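J.: model-v7.cif (mmCIF, N, CA and C atoms) pasted underneath:
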data_upload
#
loop_
_atom_site.label_atom_id
_atom_site.label_comp_id
_atom_site.auth_asym_id
_atom_site.auth_seq_id
_atom_site.Cartn_x
_atom_site.Cartn_y
_atom_site.Cartn_z
N MET A 1 108.37 -107.67 33.95
CA MET A 1 109.03 -106.82 34.93
C MET A 1 109.70 -105.62 34.27
N SER A 2 110.27 -105.82 33.07
CA SER A 2 110.96 -104.71 32.42
C SER A 2 110.00 -103.58 32.07
N ASP A 3 108.72 -103.91 31.81
CA ASP A 3 107.73 -102.87 31.53
C ASP A 3 107.58 -101.94 32.75
N VAL A 4 107.58 -102.52 33.93
CA VAL A 4 107.48 -101.73 35.17
C VAL A 4 108.69 -100.83 35.29
N LEU A 5 109.87 -101.38 35.03
CA LEU A 5 111.10 -100.58 35.13
C LEU A 5 111.14 -99.48 34.07
N GLU A 6 110.64 -99.78 32.88
CA GLU A 6 110.61 -98.76 31.83
C GLU A 6 109.67 -97.62 32.20
N LYS A 7 108.51 -97.95 32.75
CA LYS A 7 107.57 -96.91 33.18
C LYS A 7 108.17 -96.07 34.29
N LEU A 8 108.83 -96.72 35.25
CA LEU A 8 109.49 -95.99 36.33
C LEU A 8 110.55 -95.07 35.76
N GLY A 9 111.33 -95.58 34.82
CA GLY A 9 112.37 -94.77 34.19
C GLY A 9 111.81 -93.56 33.48
N ARG A 10 110.69 -93.74 32.79
CA ARG A 10 110.06 -92.59 32.11
C ARG A 10 109.61 -91.54 33.12
N ARG A 11 109.09 -92.00 34.26
CA ARG A 11 108.65 -91.03 35.28
C ARG A 11 109.84 -90.31 35.89
N VAL A 12 110.94 -91.03 36.13
CA VAL A 12 112.14 -90.38 36.65
C VAL A 12 112.60 -89.31 35.67
N ARG A 13 112.67 -89.67 34.38
CA ARG A 13 113.10 -88.71 33.36
C ARG A 13 112.14 -87.51 33.31
N HIS A 14 110.84 -87.77 33.36
CA HIS A 14 109.83 -86.70 33.32
C HIS A 14 110.07 -85.70 34.45
N PHE A 15 110.19 -86.20 35.67
CA PHE A 15 110.37 -85.30 36.82
C PHE A 15 111.74 -84.63 36.80
N ARG A 16 112.77 -85.34 36.33
CA ARG A 16 114.11 -84.74 36.25
C ARG A 16 114.11 -83.58 35.28
N MET A 17 113.50 -83.79 34.12
CA MET A 17 113.47 -82.72 33.12
C MET A 17 112.59 -81.56 33.58
N GLU A 18 111.51 -81.89 34.28
CA GLU A 18 110.64 -80.85 34.83
C GLU A 18 111.41 -79.95 35.79
N LYS A 19 112.34 -80.54 36.54
CA LYS A 19 113.17 -79.79 37.50
C LYS A 19 114.41 -79.20 36.85
N LYS A 20 114.56 -79.45 35.54
CA LYS A 20 115.71 -78.95 34.77
C LYS A 20 117.05 -79.43 35.35
N LEU A 21 117.07 -80.71 35.74
CA LEU A 21 118.29 -81.33 36.26
C LEU A 21 118.88 -82.26 35.20
N THR A 22 120.19 -82.39 35.22
CA THR A 22 120.85 -83.36 34.36
C THR A 22 120.91 -84.70 35.09
N GLN A 23 121.22 -85.74 34.33
CA GLN A 23 121.42 -87.05 34.96
C GLN A 23 122.58 -86.97 35.95
N GLU A 24 123.61 -86.23 35.58
CA GLU A 24 124.76 -86.07 36.46
C GLU A 24 124.38 -85.36 37.76
N GLY A 25 123.52 -84.36 37.63
CA GLY A 25 123.07 -83.62 38.81
C GLY A 25 122.28 -84.50 39.76
N VAL A 26 121.38 -85.31 39.23
CA VAL A 26 120.60 -86.23 40.06
C VAL A 26 121.54 -87.25 40.69
N ALA A 27 122.46 -87.77 39.89
CA ALA A 27 123.41 -88.77 40.40
C ALA A 27 124.21 -88.21 41.57
N GLU A 28 124.67 -86.98 41.44
CA GLU A 28 125.45 -86.36 42.51
C GLU A 28 124.61 -86.20 43.78
N LEU A 29 123.37 -85.75 43.62
CA LEU A 29 122.49 -85.58 44.78
C LEU A 29 122.19 -86.91 45.47
N CYS A 30 122.15 -87.99 44.70
CA CYS A 30 121.82 -89.32 45.23
C CYS A 30 123.05 -90.11 45.64
N GLU A 31 124.23 -89.57 45.34
CA GLU A 31 125.48 -90.29 45.57
C GLU A 31 125.51 -91.61 44.79
N LEU A 32 125.08 -91.51 43.52
CA LEU A 32 125.08 -92.63 42.59
C LEU A 32 125.85 -92.21 41.35
N SER A 33 126.11 -93.15 40.46
CA SER A 33 126.79 -92.80 39.21
C SER A 33 125.79 -92.29 38.18
N ALA A 34 126.28 -91.46 37.28
CA ALA A 34 125.44 -90.96 36.20
C ALA A 34 125.00 -92.12 35.31
N LYS A 35 125.85 -93.13 35.15
CA LYS A 35 125.48 -94.30 34.36
C LYS A 35 124.29 -95.02 34.99
N TYR A 36 124.27 -95.10 36.31
CA TYR A 36 123.15 -95.76 36.98
C TYR A 36 121.85 -95.00 36.71
N ILE A 37 121.89 -93.67 36.79
CA ILE A 37 120.69 -92.87 36.52
C ILE A 37 120.26 -93.05 35.08
N SER A 38 121.22 -93.10 34.16
CA SER A 38 120.90 -93.35 32.76
C SER A 38 120.23 -94.72 32.59
N ASP A 39 120.82 -95.73 33.21
CA ASP A 39 120.23 -97.07 33.15
C ASP A 39 118.84 -97.09 33.76
N LEU A 40 118.67 -96.39 34.87
CA LEU A 40 117.37 -96.31 35.54
C LEU A 40 116.32 -95.70 34.60
N GLU A 41 116.67 -94.60 33.95
CA GLU A 41 115.73 -93.93 33.06
C GLU A 41 115.39 -94.77 31.83
N ARG A 42 116.27 -95.68 31.45
CA ARG A 42 116.02 -96.54 30.30
C ARG A 42 115.39 -97.87 30.71
N GLY A 43 115.10 -98.02 32.00
CA GLY A 43 114.47 -99.25 32.48
C GLY A 43 115.42 -100.42 32.54
N LYS A 44 116.71 -100.15 32.63
CA LYS A 44 117.73 -101.21 32.62
C LYS A 44 118.31 -101.48 34.00
N ALA A 45 117.91 -100.73 35.02
CA ALA A 45 118.47 -100.90 36.36
C ALA A 45 117.38 -101.34 37.33
N ASN A 46 117.70 -102.34 38.13
CA ASN A 46 116.81 -102.71 39.22
C ASN A 46 116.98 -101.67 40.32
N VAL A 47 115.90 -101.36 40.99
CA VAL A 47 115.92 -100.27 41.97
C VAL A 47 115.52 -100.80 43.33
N THR A 48 116.30 -100.42 44.35
CA THR A 48 115.91 -100.76 45.72
C THR A 48 115.03 -99.64 46.26
N ILE A 49 114.35 -99.92 47.34
CA ILE A 49 113.52 -98.90 47.98
C ILE A 49 114.37 -97.72 48.43
N ILE A 50 115.56 -97.99 48.91
CA ILE A 50 116.45 -96.92 49.37
C ILE A 50 116.84 -96.01 48.22
N VAL A 51 117.21 -96.60 47.08
CA VAL A 51 117.57 -95.81 45.90
C VAL A 51 116.36 -95.03 45.41
N LEU A 52 115.20 -95.66 45.39
CA LEU A 52 113.98 -94.98 44.97
C LEU A 52 113.74 -93.74 45.83
N GLY A 53 113.92 -93.88 47.13
CA GLY A 53 113.76 -92.74 48.04
C GLY A 53 114.77 -91.64 47.77
N LYS A 54 116.03 -92.02 47.51
CA LYS A 54 117.08 -91.02 47.22
C LYS A 54 116.78 -90.26 45.93
N VAL A 55 116.37 -91.01 44.90
CA VAL A 55 116.07 -90.37 43.61
C VAL A 55 114.88 -89.43 43.77
N ALA A 56 113.84 -89.89 44.44
CA ALA A 56 112.66 -89.03 44.65
C ALA A 56 113.05 -87.77 45.41
N ALA A 57 113.82 -87.92 46.48
CA ALA A 57 114.23 -86.75 47.26
C ALA A 57 115.04 -85.77 46.42
N SER A 58 115.91 -86.29 45.55
CA SER A 58 116.72 -85.41 44.70
C SER A 58 115.85 -84.63 43.73
N LEU A 59 114.67 -85.17 43.42
CA LEU A 59 113.75 -84.51 42.49
C LEU A 59 112.70 -83.67 43.22
N GLY A 60 112.76 -83.68 44.54
CA GLY A 60 111.82 -82.88 45.33
C GLY A 60 110.41 -83.46 45.35
N ILE A 61 110.32 -84.78 45.22
CA ILE A 61 109.03 -85.46 45.21
C ILE A 61 109.11 -86.66 46.16
N THR A 62 108.02 -87.40 46.27
CA THR A 62 108.03 -88.61 47.08
C THR A 62 108.22 -89.83 46.20
N ALA A 63 108.58 -90.94 46.82
CA ALA A 63 108.70 -92.19 46.07
C ALA A 63 107.36 -92.58 45.45
N VAL A 64 106.28 -92.26 46.14
CA VAL A 64 104.94 -92.56 45.60
C VAL A 64 104.72 -91.83 44.28
N ASP A 65 105.20 -90.59 44.19
CA ASP A 65 105.07 -89.83 42.94
C ASP A 65 105.73 -90.56 41.77
N LEU A 66 106.82 -91.27 42.06
CA LEU A 66 107.51 -92.02 41.00
C LEU A 66 106.77 -93.30 40.63
N LEU A 67 106.00 -93.82 41.56
CA LEU A 67 105.32 -95.09 41.33
C LEU A 67 103.92 -94.93 40.76
N VAL A 68 103.30 -93.78 40.97
CA VAL A 68 101.94 -93.54 40.50
C VAL A 68 102.02 -92.76 39.20
N ASN A 69 101.27 -93.18 38.21
CA ASN A 69 101.36 -92.53 36.90
C ASN A 69 100.19 -91.57 36.65
N GLU A 70 99.87 -90.75 37.64
CA GLU A 70 98.74 -89.82 37.49
C GLU A 70 98.92 -88.88 36.31
N HIS A 71 100.14 -88.41 36.06
CA HIS A 71 100.34 -87.47 34.96
C HIS A 71 100.04 -88.12 33.61
N GLU A 72 100.28 -89.43 33.48
CA GLU A 72 99.94 -90.11 32.24
C GLU A 72 98.43 -90.26 32.10
N ALA A 73 97.77 -90.63 33.19
CA ALA A 73 96.32 -90.78 33.15
C ALA A 73 95.66 -89.44 32.88
N GLU A 74 96.19 -88.38 33.45
CA GLU A 74 95.62 -87.06 33.23
C GLU A 74 95.68 -86.70 31.75
N ARG A 75 96.79 -86.99 31.09
CA ARG A 75 96.94 -86.70 29.67
C ARG A 75 95.90 -87.46 28.86
N ALA A 76 95.73 -88.74 29.16
CA ALA A 76 94.75 -89.56 28.45
C ALA A 76 93.35 -89.00 28.63
N SER A 77 93.06 -88.54 29.82
CA SER A 77 91.75 -87.97 30.10
C SER A 77 91.54 -86.67 29.31
N LEU A 78 92.58 -85.85 29.23
CA LEU A 78 92.49 -84.60 28.47
C LEU A 78 92.28 -84.88 26.98
N VAL A 79 93.00 -85.83 26.44
CA VAL A 79 92.85 -86.18 25.03
C VAL A 79 91.43 -86.66 24.76
N LYS A 80 90.90 -87.45 25.66
CA LYS A 80 89.53 -87.95 25.50
C LYS A 80 88.53 -86.79 25.49
N GLU A 81 88.70 -85.86 26.43
CA GLU A 81 87.79 -84.71 26.48
C GLU A 81 87.89 -83.85 25.24
N ILE A 82 89.11 -83.63 24.75
CA ILE A 82 89.30 -82.83 23.54
C ILE A 82 88.63 -83.52 22.36
N THR A 83 88.80 -84.82 22.26
CA THR A 83 88.19 -85.58 21.17
C THR A 83 86.67 -85.48 21.21
N GLN A 84 86.11 -85.60 22.41
CA GLN A 84 84.66 -85.48 22.55
C GLN A 84 84.18 -84.09 22.15
N PHE A 85 84.93 -83.07 22.54
CA PHE A 85 84.57 -81.70 22.17
C PHE A 85 84.58 -81.54 20.65
N LEU A 86 85.63 -82.04 20.01
CA LEU A 86 85.75 -81.90 18.56
C LEU A 86 84.64 -82.65 17.82
N GLU A 87 84.24 -83.79 18.35
CA GLU A 87 83.18 -84.56 17.70
C GLU A 87 81.83 -83.87 17.75
N THR A 88 81.61 -83.02 18.76
CA THR A 88 80.31 -82.37 18.90
C THR A 88 80.32 -80.90 18.47
N ALA A 89 81.49 -80.35 18.24
CA ALA A 89 81.59 -78.92 17.90
C ALA A 89 81.18 -78.68 16.45
N ASP A 90 80.62 -77.49 16.21
CA ASP A 90 80.30 -77.12 14.83
C ASP A 90 81.59 -76.66 14.13
N ASP A 91 81.50 -76.44 12.83
CA ASP A 91 82.68 -76.09 12.04
C ASP A 91 83.37 -74.82 12.53
N ALA A 92 82.61 -73.83 12.93
CA ALA A 92 83.18 -72.56 13.40
C ALA A 92 84.03 -72.77 14.66
N LYS A 93 83.54 -73.59 15.58
CA LYS A 93 84.29 -73.86 16.81
C LYS A 93 85.57 -74.65 16.51
N VAL A 94 85.49 -75.59 15.60
CA VAL A 94 86.67 -76.37 15.25
C VAL A 94 87.73 -75.46 14.63
N ARG A 95 87.30 -74.56 13.73
CA ARG A 95 88.25 -73.62 13.12
C ARG A 95 88.87 -72.70 14.16
N ALA A 96 88.05 -72.21 15.10
CA ALA A 96 88.55 -71.32 16.15
C ALA A 96 89.56 -72.05 17.03
N LEU A 97 89.25 -73.27 17.39
CA LEU A 97 90.17 -74.06 18.21
C LEU A 97 91.47 -74.31 17.46
N TYR A 98 91.39 -74.57 16.19
CA TYR A 98 92.58 -74.79 15.37
C TYR A 98 93.47 -73.55 15.38
N ARG A 99 92.88 -72.37 15.20
CA ARG A 99 93.66 -71.13 15.21
C ARG A 99 94.31 -70.91 16.57
N ILE A 100 93.61 -71.20 17.64
CA ILE A 100 94.16 -71.06 18.99
C ILE A 100 95.35 -72.00 19.17
N MET A 101 95.16 -73.25 18.75
CA MET A 101 96.23 -74.24 18.91
C MET A 101 97.45 -73.86 18.08
N LYS A 102 97.27 -73.40 16.88
CA LYS A 102 98.38 -72.99 16.02
C LYS A 102 99.13 -71.82 16.66
N GLY A 103 98.39 -70.91 17.29
CA GLY A 103 99.02 -69.76 17.94
C GLY A 103 99.82 -70.15 19.17
N VAL A 104 99.36 -71.16 19.88
CA VAL A 104 100.03 -71.59 21.11
C VAL A 104 101.21 -72.50 20.81
N LEU A 105 101.02 -73.39 19.84
CA LEU A 105 102.07 -74.36 19.52
C LEU A 105 102.99 -73.78 18.48
#
Just give me the structure as structure tokens.
T.:
Amino acid sequence: MSDVLEKLGRRVRHFRMEKKLTQEGVAELCELSAKYISDLERGKANVTIIVLGKVAASLGITAVDLLVNEHEAERASLVKEITQFLETADDAKVRALYRIMKGVL
């Protein structure tokens, strides 16, 4: 069960940071304590459906967005595609991609 809570907490943190909100800001919007939001993000708090709805609303998303890990699956899919590209690319393409990545990162 704690694995589920940890994953939920990571998603809450992901969306909170994406919205550039602090734990205190989310707590205030939800009428909860900042400690509770901290515990939630660390997978240490049990969550009711009502609290899940309040947290989602404070983040401008739905409760389903917090429960579905599409953004994690999307990342895994991108990594797989990049790996496949690198395995089939010639040396010149690999070097070009490396220069692009260095420039962006």
J.: For a cutoff of 10 Å around the file-coordinate point (123.1, -88.8, 47.8), which residues qualify once you count only C-alpha atoms? I'd like the result as a PyMOL selection string.
T.: chain A and resi 26-32+51+54-55+57-58
J.: Please identify which residues in chain A DSSP calls alpha helix (DSSP H) from the backbone, and express them as a ChimeraX atom specification.
T.: /A:2-18,23-30,34-41,49-58,63-67,70-88,91-104
J.: Report, in Å with one decimal, the straight-line distance from atom N of Thr88 (chain A) to atom C of Met101 (chain A).
T.: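 Result for atom N of Thr88 (chain A) versus atom C of Met101 (chain A): 18.3 Å, one decimal.
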J.: What are the nearest atom pairs, with distances in Å to one decimal, for all residues of region 32-85 of chain A that come at most 12 Å from region 93-96 of chain A, using only C-alpha atoms, set out by chain and rising residue number as JSON lines?
T.:
{"residue": "A:Ile82", "atom": "CA", "partner": "A:Val94", "partner_atom": "CA", "distance": 10.8}
{"residue": "A:Thr83", "atom": "CA", "partner": "A:Val94", "partner_atom": "CA", "distance": 11.1}
{"residue": "A:Gln84", "atom": "CA", "partner": "A:Val94", "partner_atom": "CA", "distance": 11.8}
{"residue": "A:Phe85", "atom": "CA", "partner": "A:Val94", "partner_atom": "CA", "distance": 9.0}
J.: Filtering to N, CA and C atoms, could you give me those residues as a tab-separated table (two decimals), in the coordinates of the input?
T.:
chain	number	residue	atom	x	y	z
A	82	ILE	N	89.11	-83.63	24.75
A	82	ILE	CA	89.30	-82.83	23.54
A	82	ILE	C	88.63	-83.52	22.36
A	83	THR	N	88.80	-84.82	22.26
A	83	THR	CA	88.19	-85.58	21.17
A	83	THR	C	86.67	-85.48	21.21
A	84	GLN	N	86.11	-85.60	22.41
A	84	GLN	CA	84.66	-85.48	22.55
A	84	GLN	C	84.18	-84.09	22.15
A	85	PHE	N	84.93	-83.07	22.54
A	85	PHE	CA	84.57	-81.70	22.17
A	85	PHE	C	84.58	-81.54	20.65
J.: Can you list, as a ChimeraX atom specification, every protein, DNA or RNA residue that comes within 8 Å of region 1-6 of chain A when you count only N, CA and C atoms, leaving out same-chain residues fewer than 6 positions away?
T.: /A:12,40-47
J.: Work out how far apart CA of Leu78 (chain A) and CA of Phe15 (chain A) are and give it in Å to one decimal.
T.: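 Result for CA of Leu78 (chain A) versus CA of Phe15 (chain A): 19.7 Å, one decimal.
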J.: Any idea what the distance is between atom C of Leu105 (chain A) and atom C of Ala76 (chain A)?
T.: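 Between atom C of Leu105 (chain A) and atom C of Ala76 (chain A) the gap is 20.7 Å.
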